[in-house]
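S.K.: File name protein_35.txt; file contents compact mmCIF, C-alpha atoms; full text below.
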# COMPACT_ATOMS: atom_id res chain seq x y z
CA MET V 1475 -24.01 349.18 347.96
CA SER V 1476 -22.83 346.02 349.72
CA ASN V 1477 -22.23 342.78 347.85
CA SER V 1478 -24.90 340.08 348.17
CA GLU V 1479 -24.24 336.64 349.63
CA SER V 1480 -22.65 334.05 347.36
CA ILE V 1481 -21.75 330.36 347.69
CA LEU V 1482 -19.58 327.85 345.88
CA LEU V 1483 -20.75 324.24 345.99
CA LEU V 1484 -18.51 321.39 344.77
CA GLU V 1485 -19.82 318.03 343.62
CA ASP V 1486 -18.29 316.34 346.70
CA GLY V 1487 -20.47 318.55 348.92
CA SER V 1488 -17.76 321.02 349.96
CA THR V 1489 -19.34 324.45 350.43
CA PHE V 1490 -17.66 327.86 350.54
CA ARG V 1491 -19.46 331.07 351.41
CA GLY V 1492 -18.46 334.55 350.33
CA GLN V 1493 -19.74 337.69 348.67
CA SER V 1494 -20.87 338.26 345.11
CA ILE V 1495 -18.45 340.23 342.93
CA GLY V 1496 -20.39 339.63 339.72
CA ILE V 1497 -24.04 339.40 338.76
CA GLU V 1498 -26.72 337.59 340.76
CA GLY V 1499 -27.72 334.13 339.57
CA PHE V 1500 -25.83 330.86 339.27
CA SER V 1501 -23.31 329.27 336.97
CA VAL V 1502 -21.95 325.74 336.70
CA GLY V 1503 -18.63 324.44 335.37
CA GLU V 1504 -15.46 322.51 336.12
CA VAL V 1505 -13.65 324.23 339.00
CA VAL V 1506 -9.92 324.62 338.34
CA PHE V 1507 -7.18 326.66 340.01
CA ASN V 1508 -4.72 329.02 338.34
CA THR V 1509 -1.46 330.00 340.07
CA SER V 1510 -0.61 333.01 337.89
CA MET V 1511 0.25 336.19 339.79
CA THR V 1512 -0.45 338.45 336.79
CA GLY V 1513 -2.48 338.37 333.61
CA TYR V 1514 -5.93 337.73 335.08
CA GLN V 1515 -7.61 339.68 332.27
CA GLU V 1516 -5.88 337.52 329.67
CA ILE V 1517 -6.93 334.39 331.57
CA ILE V 1518 -10.64 335.14 331.94
CA THR V 1519 -10.96 336.22 328.28
CA ASP V 1520 -9.15 333.10 326.99
CA PRO V 1521 -11.74 330.91 325.18
CA SER V 1522 -9.88 327.83 326.49
CA TYR V 1523 -11.60 328.43 329.85
CA ASP V 1524 -15.10 327.94 328.44
CA SER V 1525 -17.25 325.86 330.86
CA GLN V 1526 -14.67 326.26 333.65
CA ILE V 1527 -14.85 328.22 336.92
CA ILE V 1528 -11.44 329.72 337.66
CA THR V 1529 -10.02 329.82 341.18
CA PHE V 1530 -7.17 332.34 341.39
CA THR V 1531 -4.66 331.31 344.05
CA ASN V 1532 -3.06 334.78 344.14
CA PRO V 1533 -5.05 336.87 346.68
CA HIS V 1534 -4.36 340.20 344.93
CA ILE V 1535 -6.31 339.60 341.72
CA GLY V 1536 -7.77 342.88 340.45
CA ASN V 1537 -4.92 345.14 341.60
CA THR V 1538 -4.22 346.56 338.12
CA GLY V 1539 -7.85 346.85 337.06
CA ILE V 1540 -9.00 346.17 333.49
CA ASN V 1541 -8.05 347.83 330.21
CA TYR V 1542 -9.63 347.56 326.78
CA GLU V 1543 -6.45 346.57 324.90
CA ASP V 1544 -5.57 343.29 326.64
CA MET V 1545 -8.64 341.25 325.73
CA GLU V 1546 -7.74 337.83 324.29
CA SER V 1547 -11.18 337.43 322.70
CA LEU V 1548 -14.36 339.46 322.40
CA LYS V 1549 -15.75 338.45 325.81
CA VAL V 1550 -15.22 336.51 329.05
CA HIS V 1551 -15.45 332.79 328.35
CA ALA V 1552 -14.98 331.42 331.87
CA SER V 1553 -18.20 330.24 333.54
CA GLY V 1554 -17.27 331.88 336.81
CA VAL V 1555 -14.48 333.43 338.88
CA ILE V 1556 -13.41 332.70 342.48
CA LEU V 1557 -11.21 335.17 344.42
CA ARG V 1558 -9.74 335.49 347.91
CA ASP V 1559 -9.78 339.23 348.52
CA ILE V 1560 -12.63 341.66 347.81
CA GLY V 1561 -12.35 345.36 347.03
CA ILE V 1562 -8.68 345.31 346.02
CA LEU V 1563 -7.37 348.82 345.31
CA ALA V 1564 -6.70 348.95 341.57
CA ASN V 1565 -3.88 351.11 340.25
CA SER V 1566 -2.40 351.20 336.74
CA TRP V 1567 -1.72 353.91 334.20
CA ARG V 1568 -3.54 351.71 331.64
CA LYS V 1569 -6.64 351.04 333.79
CA ASN V 1570 -10.05 351.72 332.22
CA ASP V 1571 -12.22 349.92 334.77
CA THR V 1572 -12.18 347.71 337.87
CA LEU V 1573 -12.32 343.92 337.68
CA GLN V 1574 -15.59 343.79 339.63
CA ASN V 1575 -17.35 346.22 337.24
CA PHE V 1576 -15.96 344.28 334.30
CA LEU V 1577 -17.33 340.97 335.62
CA LYS V 1578 -20.75 342.53 336.13
CA ASN V 1579 -20.77 344.11 332.67
CA GLU V 1580 -19.82 340.73 331.19
CA ASN V 1581 -22.67 338.99 333.09
CA ILE V 1582 -20.33 336.70 335.02
CA VAL V 1583 -21.27 335.05 338.31
CA ALA V 1584 -18.29 335.45 340.63
CA ILE V 1585 -17.51 335.02 344.32
CA GLY V 1586 -14.97 336.74 346.56
CA GLY V 1587 -13.90 336.21 350.14
CA VAL V 1588 -13.25 332.49 349.60
CA ASP V 1589 -10.46 330.59 351.37
CA THR V 1590 -8.77 329.77 348.05
CA ARG V 1591 -5.88 328.01 349.77
CA LYS V 1592 -8.29 325.48 351.31
CA LEU V 1593 -10.19 325.15 348.02
CA THR V 1594 -6.99 324.55 346.04
CA LYS V 1595 -5.86 321.88 348.50
CA ILE V 1596 -9.18 320.08 347.96
CA LEU V 1597 -8.84 320.26 344.16
CA ARG V 1598 -5.23 319.04 344.30
CA THR V 1599 -6.37 316.04 346.35
CA THR V 1600 -9.59 315.11 344.55
CA GLY V 1601 -8.77 316.54 341.14
CA SER V 1602 -10.82 319.16 339.32
CA GLN V 1603 -14.48 318.95 340.37
CA ASN V 1604 -17.67 320.20 338.82
CA GLY V 1605 -19.19 322.99 340.87
CA CYS V 1606 -21.74 325.78 341.04
CA VAL V 1607 -21.33 329.42 342.02
CA MET V 1608 -24.61 331.00 343.16
CA SER V 1609 -25.19 334.62 344.16
CA GLY V 1610 -28.20 336.52 345.48
CA LYS V 1611 -31.00 334.11 346.34
CA ILE V 1612 -29.25 330.94 347.56
CA ASP V 1613 -30.88 327.55 346.97
CA LEU V 1614 -28.55 324.60 347.52
CA ASN V 1615 -30.99 322.17 345.92
CA ILE V 1616 -30.88 324.12 342.66
CA ALA V 1617 -27.07 324.25 342.89
CA LYS V 1618 -26.87 320.47 343.44
CA GLU V 1619 -29.24 319.79 340.54
CA SER V 1620 -27.27 322.06 338.18
CA ILE V 1621 -24.06 320.19 339.03
CA ARG V 1622 -25.78 316.87 338.43
CA LYS V 1623 -26.95 318.00 334.98
CA PHE V 1624 -23.53 319.37 333.96
CA ASN V 1625 -21.80 316.87 331.67
CA GLY V 1626 -18.26 317.99 332.46
CA LEU V 1627 -15.42 318.44 329.97
CA ASP V 1628 -14.60 314.78 329.32
CA GLY V 1629 -16.12 313.95 325.94
CA SER V 1630 -17.30 317.54 325.33
CA ASP V 1631 -16.68 319.28 322.02
CA LEU V 1632 -16.45 322.94 323.06
CA ALA V 1633 -14.40 324.11 320.06
CA LYS V 1634 -17.55 324.36 317.95
CA LYS V 1635 -19.14 326.44 320.72
CA VAL V 1636 -16.43 329.12 320.86
CA THR V 1637 -15.18 329.16 317.25
CA THR V 1638 -15.79 331.98 314.79
CA LYS V 1639 -18.95 331.65 312.75
CA SER V 1640 -17.36 333.10 309.61
CA ILE V 1641 -14.00 333.47 307.88
CA TYR V 1642 -12.09 336.70 308.55
CA GLU V 1643 -8.70 338.31 308.00
CA TRP V 1644 -6.40 339.45 310.82
CA ASN V 1645 -4.17 342.51 310.36
CA GLU V 1646 -3.22 343.58 313.90
CA GLY V 1647 0.33 343.15 315.17
CA LEU V 1648 1.79 343.67 318.63
CA THR V 1649 1.54 347.13 320.19
CA ASP V 1650 4.28 349.07 321.95
CA ILE V 1651 2.19 350.07 325.00
CA TYR V 1652 4.68 352.76 326.06
CA ASN V 1653 4.54 354.70 322.80
CA VAL V 1654 1.02 353.46 321.97
CA ASN V 1655 1.93 352.59 318.42
CA LYS V 1656 2.49 349.46 316.40
CA LEU V 1657 5.85 347.76 316.47
CA GLN V 1658 7.53 347.58 313.09
CA GLU V 1659 5.91 344.76 311.15
CA LYS V 1660 7.89 342.29 309.10
CA LYS V 1661 7.13 342.15 305.41
CA THR V 1662 4.39 339.63 304.70
CA ALA V 1663 6.06 336.48 303.41
CA PHE V 1664 3.72 333.58 304.23
CA LYS V 1665 0.05 332.88 303.69
CA VAL V 1666 -1.26 331.17 306.84
CA ILE V 1667 -4.70 329.72 307.53
CA ALA V 1668 -5.51 329.58 311.25
CA TYR V 1669 -8.11 327.12 312.54
CA ASP V 1670 -10.06 328.77 315.34
CA PHE V 1671 -10.76 326.21 318.06
CA GLY V 1672 -10.84 329.06 320.63
CA ILE V 1673 -7.95 331.19 319.43
CA LYS V 1674 -6.27 333.90 321.53
CA HIS V 1675 -5.67 337.26 319.88
CA ASN V 1676 -2.04 337.43 320.96
CA ILE V 1677 -1.22 334.33 318.90
CA LEU V 1678 -2.53 336.15 315.85
CA ARG V 1679 -0.61 339.33 316.74
CA ILE V 1680 2.66 337.41 317.00
CA LEU V 1681 2.09 335.47 313.77
CA LYS V 1682 1.31 338.77 312.02
CA ASP V 1683 4.58 340.25 313.24
CA HIS V 1684 6.41 337.18 311.97
CA GLY V 1685 5.34 338.02 308.44
CA CYS V 1686 2.16 335.94 308.15
CA ASP V 1687 -0.84 336.96 306.03
CA LEU V 1688 -3.59 335.53 308.24
CA THR V 1689 -7.00 334.11 307.41
CA ILE V 1690 -8.98 332.60 310.31
CA VAL V 1691 -11.49 329.82 309.60
CA PRO V 1692 -14.08 328.01 311.78
CA ALA V 1693 -13.15 324.86 313.71
CA ASP V 1694 -14.96 322.52 311.30
CA TYR V 1695 -13.87 324.22 308.05
CA SER V 1696 -13.10 321.67 305.32
CA ALA V 1697 -9.43 320.83 304.77
CA ASP V 1698 -10.12 320.65 301.03
CA LYS V 1699 -11.29 324.28 301.10
CA VAL V 1700 -8.16 325.20 303.06
CA LEU V 1701 -6.00 323.50 300.41
CA ASP V 1702 -7.85 325.44 297.69
CA MET V 1703 -6.60 328.63 299.40
CA LYS V 1704 -3.01 327.43 298.75
CA PRO V 1705 -1.56 328.29 302.20
CA ASP V 1706 2.13 328.18 303.04
CA GLY V 1707 1.16 326.85 306.47
CA VAL V 1708 -1.78 326.06 308.73
CA PHE V 1709 -1.99 327.02 312.40
CA LEU V 1710 -4.03 324.90 314.85
CA SER V 1711 -5.17 327.02 317.76
CA ASN V 1712 -5.75 326.55 321.46
CA GLY V 1713 -9.28 325.95 322.71
CA PRO V 1714 -11.51 324.30 325.34
CA GLY V 1715 -12.91 320.81 325.80
CA ASP V 1716 -11.89 317.25 325.01
CA PRO V 1717 -9.70 316.90 321.89
CA LYS V 1718 -11.05 313.39 321.22
CA ALA V 1719 -14.53 314.90 320.73
CA CYS V 1720 -13.31 316.97 317.76
CA GLY V 1721 -13.37 314.17 315.17
CA TYR V 1722 -13.96 316.60 312.30
CA ALA V 1723 -10.74 318.48 313.19
CA ILE V 1724 -8.72 315.28 313.48
CA ASP V 1725 -9.90 314.17 310.02
CA ASN V 1726 -9.02 317.56 308.51
CA ILE V 1727 -5.55 317.52 310.07
CA LYS V 1728 -4.90 314.03 308.64
CA ILE V 1729 -5.55 315.41 305.16
CA LEU V 1730 -3.20 318.36 305.75
CA LEU V 1731 -0.50 316.03 307.13
CA ASP V 1732 -0.79 313.84 304.05
CA LYS V 1733 -0.25 316.90 301.83
CA LYS V 1734 2.80 317.90 303.92
CA ILE V 1735 1.43 321.37 304.61
CA PRO V 1736 3.51 322.93 307.44
CA LEU V 1737 1.47 322.68 310.65
CA PHE V 1738 1.89 324.35 314.05
CA GLY V 1739 -0.40 323.45 316.97
CA ILE V 1740 -0.68 325.13 320.38
CA CYS V 1741 -2.51 323.55 323.36
CA LEU V 1742 -5.71 321.97 321.94
CA GLY V 1743 -4.15 322.27 318.48
CA PHE V 1744 -1.12 320.36 319.80
CA GLN V 1745 -3.39 317.60 321.09
CA LEU V 1746 -5.41 317.41 317.86
CA LEU V 1747 -2.22 317.18 315.81
CA ALA V 1748 -1.08 314.31 318.05
CA LEU V 1749 -4.41 312.47 317.68
CA ALA V 1750 -4.32 312.91 313.90
CA SER V 1751 -0.85 311.34 313.95
CA GLY V 1752 -1.98 308.26 315.86
CA ALA V 1753 -1.26 309.29 319.45
CA LYS V 1754 -3.68 309.25 322.40
CA THR V 1755 -4.87 311.87 324.90
CA THR V 1756 -6.08 311.54 328.49
CA LYS V 1757 -7.80 313.78 331.06
CA MET V 1758 -5.48 315.11 333.76
CA LYS V 1759 -6.23 315.07 337.48
CA PHE V 1760 -6.28 318.85 337.90
CA GLY V 1761 -4.51 320.12 334.79
CA HIS V 1762 -1.82 322.73 334.34
CA HIS V 1763 -3.03 326.29 334.88
CA GLY V 1764 -0.39 328.89 335.69
CA ALA V 1765 2.53 331.01 334.48
CA ASN V 1766 5.47 329.40 336.28
CA HIS V 1767 5.77 325.96 334.68
CA PRO V 1768 9.32 324.79 333.87
CA VAL V 1769 9.64 323.01 330.52
CA MET V 1770 12.87 321.46 329.17
CA ASN V 1771 14.05 321.22 325.59
CA LEU V 1772 15.12 317.57 325.26
CA VAL V 1773 17.88 318.34 322.75
CA THR V 1774 19.58 321.36 324.30
CA LYS V 1775 18.50 320.63 327.93
CA ARG V 1776 17.62 324.32 328.22
CA VAL V 1777 14.81 325.04 330.70
CA PHE V 1778 12.04 327.54 329.88
CA ILE V 1779 9.48 329.05 332.26
CA THR V 1780 6.12 328.83 330.53
CA SER V 1781 2.45 329.69 330.82
CA GLN V 1782 0.07 326.72 330.80
CA ASN V 1783 -3.67 326.14 330.56
CA HIS V 1784 -4.88 322.64 329.77
CA GLY V 1785 -6.80 319.78 331.37
CA PHE V 1786 -5.93 317.09 328.82
CA ILE V 1787 -2.51 315.71 327.89
CA VAL V 1788 -0.93 313.70 325.09
CA ASP V 1789 -0.01 310.22 326.37
CA ASP V 1790 3.77 309.99 325.99
CA LYS V 1791 3.66 306.23 326.62
CA ALA V 1792 1.77 305.58 323.37
CA LEU V 1793 3.49 307.75 320.77
CA PRO V 1794 3.77 306.60 317.15
CA GLU V 1795 7.34 306.29 315.81
CA ASN V 1796 7.03 309.39 313.61
CA ILE V 1797 6.35 311.69 316.59
CA VAL V 1798 9.63 312.91 318.08
CA PRO V 1799 9.31 314.47 321.57
CA THR V 1800 11.03 317.87 321.85
CA HIS V 1801 9.91 319.27 325.24
CA VAL V 1802 8.77 317.87 328.60
CA SER V 1803 7.33 319.42 331.77
CA LEU V 1804 9.68 319.38 334.75
CA PHE V 1805 6.64 319.35 337.05
CA ASP V 1806 5.39 315.92 336.00
CA ASN V 1807 7.42 314.87 332.90
CA SER V 1808 4.31 315.19 330.71
CA LEU V 1809 4.86 315.76 327.00
CA GLN V 1810 5.07 319.46 326.12
CA GLY V 1811 6.32 319.44 322.56
CA PHE V 1812 6.91 317.22 319.54
CA GLU V 1813 7.64 317.42 315.85
CA ILE V 1814 7.02 315.32 312.76
CA ARG V 1815 9.87 316.64 310.64
CA GLU V 1816 9.06 314.71 307.46
CA ASN V 1817 5.62 316.37 307.52
CA TYR V 1818 6.85 319.86 308.52
CA ALA V 1819 4.56 319.59 311.56
CA PHE V 1820 5.12 320.36 315.24
CA GLY V 1821 3.25 321.42 318.34
CA PHE V 1822 3.66 322.88 321.82
CA GLN V 1823 1.38 322.19 324.79
CA GLY V 1824 1.93 325.43 326.70
CA HIS V 1825 1.16 329.00 325.67
CA PRO V 1826 4.20 330.69 324.08
CA GLU V 1827 2.09 333.79 323.34
CA ALA V 1828 1.23 334.46 327.02
CA SER V 1829 1.51 338.15 327.84
CA PRO V 1830 1.76 339.13 330.60
CA GLY V 1831 3.68 336.05 331.54
CA PRO V 1832 7.04 334.47 330.80
CA GLN V 1833 8.14 334.93 327.19
CA ASP V 1834 10.98 332.40 327.28
CA ILE V 1835 9.37 330.05 324.78
CA ASN V 1836 7.90 332.52 322.27
CA LEU V 1837 10.86 331.83 319.99
CA ILE V 1838 9.04 328.62 319.08
CA PHE V 1839 7.07 330.69 316.54
CA ASN V 1840 10.34 330.89 314.58
CA LYS V 1841 10.17 327.14 313.94
CA PHE V 1842 6.86 327.58 312.09
CA ILE V 1843 8.47 330.21 309.86
CA SER V 1844 11.45 327.89 309.34
CA PHE V 1845 9.23 324.95 308.35
CA MET V 1846 7.28 327.10 305.89
CA SER V 1847 10.55 328.35 304.34
CA GLU V 1848 11.87 324.79 304.05
CA ARG V 1849 8.66 323.60 302.39
CA LYS V 1850 8.69 326.53 299.95
CA ASN V 1851 12.30 325.81 298.99
CA ALA V 1852 11.58 322.08 298.63
CA ASN V 1853 8.76 322.86 296.22
CA LYS V 1854 11.08 324.98 294.11
Written as structure tokens, how would this file's structure read?

M.R.:
Amino acid sequence: MSNSESILLLEDGSTFRGQSIGIEGFSVGEVVFNTSMTGYQEIITDPSYDSQIITFTNPHIGNTGINYEDMESLKVHASGVILRDIGILANSWRKNDTLQNFLKNENIVAIGGVDTRKLTKILRTTGSQNGCVMSGKIDLNIAKESIRKFNGLDGSDLAKKVTTKSIYEWNEGLTDIYNVNKLQEKKTAFKVIAYDFGIKHNILRILKDHGCDLTIVPADYSADKVLDMKPDGVFLSNGPGDPKACGYAIDNIKILLDKKIPLFGICLGFQLLALASGAKTTKMKFGHHGANHPVMNLVTKRVFITSQNHGFIVDDKALPENIVPTHVSLFDNSLQGFEIRENYAFGFQGHPEASPGPQDINLIFNKFISFMSERKNANK
């Protein structure tokens, strides 16, 4: 069965034609490009991509198929997928399915056969644009109208959309894929509450293996209720949308900062922690989406290769005195890390949990353990 016709329409009128590699229908979102050469399954199941249509710049996406173990959430959160090549031969000893079947089973509108190099050049010039992917029956008027009605990510609170609806415990650590068994877990030493703004499973796996007893709570869960649970630390997760729109989260974090509860924020959590501390955030031109981003530790001058996925950034020109920068991007000098030592709080903009992807920076989880230990000892 041949693939049906598909189009991508951008808000500036640019049109790309290709073939459908997902379901028929249409989907609208902010079109971004990701330069990662591996990890496409992790990327499309990352809740941080909610309301975004992902353009993969690597033409060989799909070449290792899909497996059931590497999901970063319970479903695909991206609004759509754009690929260069169609019908890539998929080979992997862990493969359970092909990418195309997976996209169809997940009810995702996707397009292949697109000149992704040309598309990426447009997005780098104009910045991320809203767009529509349409497959099957093509109607450009409907596509244009859907783009017009889409509000975009600026000012959008998407954390409430993707967050868990109920509290739950997490007990899964990292898996040794070669022996298909669990790696040896560290003895549980810290009680950690994780705010789910769109959390990735691998963050939870790593925290578990660092000795954390994990309870995950919804994005708008009361800080007072969190304090009643007497945690040793609170984790602020990644997630989609505009951090400034999450006023409830900012207010909760202010309460936790005041109580000097150790805090660790990644991506959206990093931005929310900054806002709660008096900093500002801004929308980026086309964001950072990839697995090859160099980031420098400002103290040691050591350079790490990191995985990134964000469209907003903390404004390093308007930082309060208590925020001490710790890491910067060597692509554009944007702020990548900071700490508030007197509050046992710190954050990192990139994704230290990315797997597959560079694991240079995953040692940053150790700082959270260190802060919780310090706080425990101080209380004694």

S.K.: What does the distance from atom CA of Glu1827 of chain V to atom CA of Glu1546 of chain V come to in Å, to one decimal?

M.R.: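 A separation of 10.7 Å between them.
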
S.K.: Calculated over all atoms listed in the file, which of the candidates V:Lys1665, V:Arg1491, V:Lys1635, V:His1551 has the smallest distance to Met1703 of chain V?

M.R.: V:Lys1665

S.K.: Quick one, how far is atom CA of Tyr1818 of chain V from atom CA of Asn1726 of chain V?

M.R.: 16.0 Å

S.K.: Which residue, V:His1801, V:Arg1568, V:Lys1578, V:Lys1618, has the smallest gap to Phe1778 of chain V when you use all atoms listed in the file?

M.R.: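 Among the listed residues, V:His1801 lies closest to Phe1778 of chain V.
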
S.K.: Given the choices V:Tyr1652, V:Ala1552, V:Leu1597, V:Val1607, which gets closest to Gly1499 of chain V if the distance is worked out from only C-alpha atoms?

M.R.: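 That would be V:Val1607, the residue with the smallest distance to Gly1499 of chain V.
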
S.K.: Any idea what the distance is between atom CA of Pro1736 of chain V and atom CA of Asp1631 of chain V?

M.R.: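 Here the two named atoms are 25.2 Å from each other.
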
S.K.: So that I can check the surroundings of Leu1681 of chain V, please list as an NGL selection string every protein, DNA and RNA residue that reaches within 12 Å of it, counting all atoms listed in the file and ignoring chain neighbours fewer than 6 positions away.

M.R.: :V and (1644-1648 or 1659-1668 or 1674-1675 or 1687-1690 or 1707-1709 or 1711 or 1738 or 1826-1827 or 1836-1843)

S.K.: Please provide the set of residues having any atom within 7 Å of segment 1530-1540 of chain V, restricted to all atoms listed in the file, with same-chain residues fewer than 4 positions apart removed, written as an MDAnalysis selection string.

M.R.: chainID V and resid 1507:1511 1514:1515 1556:1559 1562:1566 1569:1573 1590:1591

S.K.: Please write the residues from the selection above to a file, keeping C-alpha atoms, as a CSV table (one decimal), in the frame of the given file.

M.R.:
chain,number,residue,atom,x,y,z
V,1507,PHE,CA,-7.2,326.7,340.0
V,1508,ASN,CA,-4.7,329.0,338.3
V,1509,THR,CA,-1.5,330.0,340.1
V,1510,SER,CA,-0.6,333.0,337.9
V,1511,MET,CA,0.2,336.2,339.8
V,1514,TYR,CA,-5.9,337.7,335.1
V,1515,GLN,CA,-7.6,339.7,332.3
V,1556,ILE,CA,-13.4,332.7,342.5
V,1557,LEU,CA,-11.2,335.2,344.4
V,1558,ARG,CA,-9.7,335.5,347.9
V,1559,ASP,CA,-9.8,339.2,348.5
V,1562,ILE,CA,-8.7,345.3,346.0
V,1563,LEU,CA,-7.4,348.8,345.3
V,1564,ALA,CA,-6.7,349.0,341.6
V,1565,ASN,CA,-3.9,351.1,340.2
V,1566,SER,CA,-2.4,351.2,336.7
V,1569,LYS,CA,-6.6,351.0,333.8
V,1570,ASN,CA,-10.0,351.7,332.2
V,1571,ASP,CA,-12.2,349.9,334.8
V,1572,THR,CA,-12.2,347.7,337.9
V,1573,LEU,CA,-12.3,343.9,337.7
V,1590,THR,CA,-8.8,329.8,348.0
V,1591,ARG,CA,-5.9,328.0,349.8

S.K.: Rank nothing, just name the residue among V:Leu1577, V:Ile1612, V:Leu1627, V:Ala1617 nearest to Asp1524 of chain V, using only C-alpha atoms.

M.R.: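 With only C-alpha atoms as the atom set, the closest residue is V:Leu1627.
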
S.K.: Please identify all polymer residues within 10 Å of Arg1849 of chain V, counting only C-alpha atoms, omitting same-chain residues fewer than 2 positions from it, and present them as a list in words.

M.R.: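 Answer for this query is Asp1706, Gly1707, Lys1734, Ile1735, Pro1736, Asn1817, Tyr1818, Ile1843, Ser1844, Phe1845, Met1846, Ser1847, Asn1851, Ala1852, Asn1853 and Lys1854 of chain V.
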
S.K.: Compute the distance from (9.4, 320.7, 324.7) to each atom, counting only C-alpha atoms, keep the residues with any atom at most 8 Å away, and return them as an mmCIF file with C-alpha atoms, in the coordinates of the input; use the coordinates of the file.

M.R.:
data_model
loop_
_atom_site.group_PDB
_atom_site.id
_atom_site.type_symbol
_atom_site.label_atom_id
_atom_site.label_comp_id
_atom_site.auth_asym_id
_atom_site.auth_seq_id
_atom_site.Cartn_x
_atom_site.Cartn_y
_atom_site.Cartn_z
ATOM 1 C CA VAL V 1769 9.640 323.010 330.520
ATOM 2 C CA MET V 1770 12.870 321.460 329.170
ATOM 3 C CA ASN V 1771 14.050 321.220 325.590
ATOM 4 C CA LEU V 1772 15.120 317.570 325.260
ATOM 5 C CA PRO V 1799 9.310 314.470 321.570
ATOM 6 C CA THR V 1800 11.030 317.870 321.850
ATOM 7 C CA HIS V 1801 9.910 319.270 325.240
ATOM 8 C CA VAL V 1802 8.770 317.870 328.600
ATOM 9 C CA SER V 1803 7.330 319.420 331.770
ATOM 10 C CA LEU V 1809 4.860 315.760 327.000
ATOM 11 C CA GLN V 1810 5.070 319.460 326.120
ATOM 12 C CA GLY V 1811 6.320 319.440 322.560
ATOM 13 C CA PHE V 1812 6.910 317.220 319.540
ATOM 14 C CA PHE V 1822 3.660 322.880 321.820
#

S.K.: Skip Asp1628 of chain V itself and residues of its chain fewer than 4 positions away, then list as a PyMOL selection string all residues within 12 Å of it, counting all atoms listed in the file.

M.R.: chain V and resi 1504+1525+1602-1604+1624+1632+1714-1720+1755-1759+1785-1786

S.K.: Around the point (0.0, 317.3, 309.5), in the coordinates given by the file, pick out the residues reaching within 10 Å, counting all atoms listed in the file, and return them as a list in words.

M.R.: Val1708, Ile1724, Asn1726, Ile1727, Lys1728, Ile1729, Leu1730, Leu1731, Asp1732, Lys1733, Lys1734, Ile1735, Pro1736, Leu1737, Phe1738, Gly1739, Leu1746, Leu1747, Ala1748, Ala1750, Ser1751, Glu1813, Ile1814, Arg1815, Glu1816, Asn1817, Tyr1818, Ala1819 and Phe1820 of chain V

S.K.: From the list V:Thr1594, V:Thr1512, V:Thr1519, V:Thr1774, which residue is nearest Gly1672 of chain V when using all atoms listed in the file?

M.R.: V:Thr1519

S.K.: Name all residues at most 7 Å from Leu1483 of chain V (count only C-alpha atoms; drop same-chain ones fewer than 4 positions away) and give them as a list in words.

M.R.: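 Contacts, with the query itself left out: Gly1487, Ser1488, Thr1489, Phe1490, Gly1605, Cys1606 and Val1607 of chain V.
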
S.K.: Which is closer to Ile1740 of chain V than all the others in V:Ala1697, V:Leu1710, V:Val1502, V:Val1636, using only C-alpha atoms?

M.R.: V:Leu1710
